[in-house]
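One structure is given below, encoded as structure tokens.
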Amino acid sequence: MAGSIVDSLMGMLGPQVIGPIASRLGESTDTVQRGLQSGSAAMLAGIAAKADQPGFLSQIFSLITNPANSPDALSSFASNPGSAAPGSGAPLGDLASRFTSSIFGSGQSAIADAVGRFSGLAGGKASSLMAMAAPLVLGVLGQHVREHGLSAGDLGSALKAEAPNLQRFLPSGIGSLLSGGIPSLVTVAPAAAAAGAANRWLWPVVVIAALILAALWFFNRSKAPAPEAVTPAPVTAPAATLPAGFFKLKLPDGTELNVPQSGIENQLATFIADSSKPVDKTTWFNFDRLTFDTGKATLQSSSQEQLDNVAAILKAYPNVHVKVGGYTDNSGKASANLKLSDDRAKNVMEALVAGGIDKARLEAKGYGDAHPVASNATEEGRAQNRRISLLVTQK
């Protein structure tokens, strides 16, 4: 069975995609992540809803299989989202514009507004984000079609089957927007609707018939042989599909975490378990899914999963001590940067304490704009320099 399109798409929305888009829009990574998830889900839901319209899937499939929608184009977009934005002149950007127009038609603005309200994007930024999400959706669908040899009909069936999984990413009320020119994802069976509206006079007949059948069943029950006992076959729940790039990390205490291959969790656990790698003062591990309110030390809710994962690793290795380091870019006053980085580092430490880690095993310090890992001359570099890192001080 082909892998989940939804999981593949959401797995692509990592820091390497979210960070540059957040910088381009001047929004927090948490806001952009919610916007990308809801906007991408709306596109898949729109295709699933229109799959039965004559000619629609053929039109969409021709865009998905267009030579401009190549693996190299998707890879290029993932590393530099602005490269395929509308107006960039890139073939993938123009293709993506036709893609969203085919799905939403005149309802594009209304869908973008719903995504903006859901994610907290102001003004016309939601439309810009949708335009940058479209090449990603188009690319993931193209990748799925190529890998699994799908036809247009196969793709439509796959998306309709996955429609329920999209609900958790869609803004509330977006179904009414999708139904304006796009059939609702959930429809009432025509026969049932007709029975409820036009045939109410049949109910007395149905009740009388039911009573007669019940009487006949009761009369004949004693004459019928006892039914053979049948043991129901066990129902096995389908295995959960992990997002692309994730795997199950098993810890010494039996805990299993679903983590990205390249994330801090895997790097940290591997380092701790490797007895050939001694503790030093230079091996820092960067958190890659922590987000803060802009200019503040307040952790956003999207950070909790990674904080819980790191706490679980520290619980599995009770002898390990760590230091949390906070860093900023060089924008603004150095003194303010130093304080902000220190406050953020301490808040991360307190979050680990709240997760069950003894405070005696932890320390935190802010370094401001010292120790940059990239050039502060570009926005991408400044985004990399704004980070929280972890140093193992005792194994």
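By convention here, the chains of the structure tokens are called A, B, ... in the order presented, each chain's residues are numbered starting at 1, and ligands are numbered starting at 1 in the order presented.
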**Item:** Within 9 Å of A:Lys346 using only C-alpha atoms, minus same-chain residues under 3 positions, as number ranges by chain
**Value:** A: 297, 324-326, 341-343, 349-351, 363-366
**Asked** Any idea what's packed within 8 Å of stretch 376-389 of chain A, counting only C-alpha atoms, ignoring anything in its chain fewer than 6 positions away? Could you give it as a ChimeraX atom specification?
**Response** /A:19-20,23,284-287,290,324-330,344-345,369
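Shortest separation to A:Lys248 among A:Gln53, A:Asn66, A:Asn266, A:Asn347 occurs at residue A:Asn266, atoms counted being only C-alpha atoms.
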**Request:** Could you give me, as number ranges by chain, each residue of stretch 241-278 of chain A that DSSP assigns to alpha helix (DSSP H) when run on this structure's backbone?
**Result:** A: 264-273
Using the selection just defined, write its residues with N, CA and C atoms as a tab-separated table (two decimals), in the first residue's frame.
```
chain	number	residue	atom	x	y	z
A	264	ILE	N	17.76	16.83	17.19
A	264	ILE	CA	18.63	16.85	18.37
A	264	ILE	C	18.48	15.57	19.19
A	265	GLU	N	17.27	14.99	19.19
A	265	GLU	CA	17.06	13.80	20.02
A	265	GLU	C	17.97	12.66	19.61
A	266	ASN	N	18.03	12.37	18.29
A	266	ASN	CA	18.86	11.29	17.80
A	266	ASN	C	20.35	11.59	18.02
A	267	GLN	N	20.74	12.84	17.75
A	267	GLN	CA	22.14	13.22	17.93
A	267	GLN	C	22.56	13.09	19.40
A	268	LEU	N	21.70	13.58	20.30
A	268	LEU	CA	22.01	13.56	21.72
A	268	LEU	C	22.09	12.14	22.26
A	269	ALA	N	21.08	11.32	21.95
A	269	ALA	CA	21.07	9.94	22.45
A	269	ALA	C	22.25	9.14	21.91
A	270	THR	N	22.60	9.36	20.63
A	270	THR	CA	23.73	8.65	20.03
A	270	THR	C	25.04	9.03	20.72
A	271	PHE	N	25.21	10.31	21.00
A	271	PHE	CA	26.43	10.78	21.67
A	271	PHE	C	26.54	10.21	23.08
A	272	ILE	N	25.44	10.23	23.81
A	272	ILE	CA	25.46	9.74	25.19
A	272	ILE	C	25.78	8.25	25.23
A	273	ALA	N	25.20	7.49	24.30
A	273	ALA	CA	25.38	6.03	24.31
A	273	ALA	C	26.75	5.59	23.81
```
**Message:** Restricting the calculation to only C-alpha atoms: of A:Ala311, A:Val348, A:Ile5, A:Ile64, which residue gets closest to A:Ala45?
**Reply:**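 Smallest separation from A:Ala45 among the options: A:Ile5.
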**Request:** Go through A:Thr31, A:Ser62, A:Thr255, A:Gln37 and flag the residue nearest A:Leu95, using only C-alpha atoms for the distances.
**Result:** A:Ser62
**Message:** Considering only C-alpha atoms, can you say which of A:Gln300, A:Ser276, A:Asn309, A:Thr65 comes closest to A:Pro260?
**Reply:** A:Asn309
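Of the listed residues (A:Arg117, A:Asp308, A:Ser275, A:Leu44), A:Asp308 comes nearest to A:Arg289; the distances count only C-alpha atoms.
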